[in-house]
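In what follows, a structure is listed as structure tokens, so that the remarks can point back to it.
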Amino acid sequence: MDCKIVEHYGDLSKTKSGWALEFNLVEWTPDNGKAFTRYDSRHWSPDHSKAGKGVSLTEEELSVLKELAAQS
């Protein structure tokens with residue numbers, strides 16, 4: 001599966017080695033070629049050649065997360 005950062009919203013944190021926990025809109029393209037976008041939070045290397053494990057959310061899931069965060 002290939003991915004491409006469509007829009008970078010910001011860095012949540014950065015490690016001493018330069019990896020950043022980023023919040024982005026990412027386009028994912030699986031082997032079947034049917035691309036889709038998700039809001040995504042994961043660690044990226046400084047040159048974006050490597051990514052760590054992360055969390056991807058649909059627009060609907062992001063809305064629910066915003067509501068949950070507002071309640072706390």
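Please note that chains go A, B, ... in the order of the structure tokens, that every chain numbers its residues from 1, and that ligands are numbered from 1 in the order shown.
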Practice task
Using backbone DSSP assignments, extract all helix (DSSP H, G or I) residues from chain A; output them as a count of residues only.
Solution key: 13
Practice task
Quick one: everything within 9 Å of Leu62 (chain A), counting only C-alpha atoms, minus sequence neighbours fewer than 5 positions away in the same chain. Send it as an NGL selection string.
Solution key: :A and (39 or 57 or 67)
Would you write out those residues with C-alpha atoms, as a PDB file, in the first residue's frame?
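File result-v2.pdb, as written:
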```pdb
ATOM      1  CA  TYR A  39      -6.896  11.897   8.686  1.00  0.00           C
ATOM      2  CA  LEU A  57      -9.542   8.239  10.922  1.00  0.00           C
ATOM      3  CA  GLU A  67     -16.828  15.763  20.416  1.00  0.00           C
TER       4      GLU A  67
END
```
Problem - CA of Leu21 (chain A) to CA of Ala69 (chain A), distance in Å rounded to a single decimal - result: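 Pair CA of Leu21 (chain A) / CA of Ala69 (chain A) returns 18.8 Å.
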Tell me, as a short mmCIF file (atom, residue, chain, number, x, y, z; two decimals) with N, CA and C atoms, in the first residue's frame, which residues lie within 6 Å of region 3-15 of chain A, counting only C-alpha atoms; anything in the same chain fewer than 4 positions away does not count.
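After the write, result26.cif holds the following:
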```cif
data_model
loop_
_atom_site.label_atom_id
_atom_site.label_comp_id
_atom_site.auth_asym_id
_atom_site.auth_seq_id
_atom_site.Cartn_x
_atom_site.Cartn_y
_atom_site.Cartn_z
N TRP A 19 12.41 12.63 14.38
CA TRP A 19 11.12 12.10 13.96
C TRP A 19 10.01 12.96 14.56
N ALA A 20 8.97 13.23 13.78
CA ALA A 20 7.88 14.09 14.24
C ALA A 20 6.57 13.30 14.26
N LEU A 21 5.80 13.48 15.32
CA LEU A 21 4.44 12.96 15.37
C LEU A 21 3.58 14.00 14.67
N GLU A 22 3.11 13.65 13.48
CA GLU A 22 2.42 14.61 12.62
C GLU A 22 0.92 14.29 12.52
N PHE A 23 0.14 15.33 12.24
CA PHE A 23 -1.27 15.16 11.93
C PHE A 23 -1.45 15.61 10.49
N ASN A 24 -1.87 14.69 9.62
CA ASN A 24 -1.95 14.94 8.18
C ASN A 24 -3.23 14.38 7.59
N LEU A 25 -3.55 14.83 6.39
CA LEU A 25 -4.53 14.17 5.55
C LEU A 25 -3.70 13.34 4.57
N VAL A 26 -3.92 12.03 4.57
CA VAL A 26 -3.09 11.12 3.78
C VAL A 26 -3.96 10.38 2.77
N GLU A 27 -3.43 10.27 1.55
CA GLU A 27 -4.09 9.46 0.53
C GLU A 27 -3.41 8.10 0.51
N TRP A 28 -4.21 7.07 0.74
CA TRP A 28 -3.73 5.70 0.72
C TRP A 28 -4.15 5.04 -0.57
#
```
Practice task
Would you please extract all strand (DSSP E or B) residues from chain A, as assigned by DSSP on the backbone, and give them as a ChimeraX atom specification?
Solution key: /A:2-14,20-29,36-44,51-57
Exercise for the section: Give me the residues within 12 Å of Ser17 (chain A) as a PyMOL selection string, counting only C-alpha atoms and dropping any in the same chain fewer than 5 places off. Expected result: chain A and resi 43-46
Residues of the last selection are to be written out with C-alpha atoms, as a PDB file, in the first residue's frame.
```pdb
ATOM      1  CA  HIS A  43       5.627   9.451  13.497  1.00  0.00           C
ATOM      2  CA  TRP A  44       7.511  10.372  10.321  1.00  0.00           C
ATOM      3  CA  SER A  45      11.256  10.491   9.720  1.00  0.00           C
ATOM      4  CA  PRO A  46      12.622  13.965   8.903  1.00  0.00           C
TER       5      PRO A  46
END
```
Exercise for the section: Within 7 Å of Ser56 (chain A), counting only C-alpha atoms, which residues show up once you throw out same-chain ones fewer than 5 positions away? Write them as a PyMOL selection string, please. Expected result: chain A and resi 38-41
Handout entry: Closest of A:Gln71, A:Ser49, A:Glu61, A:Asp2 to Thr29 (chain A) - atom-to-atom distances counting only C-alpha atoms
Key =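 Counting only C-alpha atoms, the residue closest to Thr29 (chain A) is A:Asp2.
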Practice task
Go through A:Met1, A:Gly18, A:Glu60, A:Lys66 and flag the residue nearest His48 (chain A), using only C-alpha atoms for the distances.
Solution key: A:Gly18
Handout entry: Selected residue of minimal separation from Glu59 (chain A) among A:Phe36, A:Arg42, A:Asp47, A:Ser72, counting only C-alpha atoms
Key = A:Phe36
Exercise for the section: Please indicate the distance in Å from CA of Ala35 (chain A) to CA of Val55 (chain A), rounded to one decimal place. Expected result: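 Those two atoms sit 17.5 Å apart.
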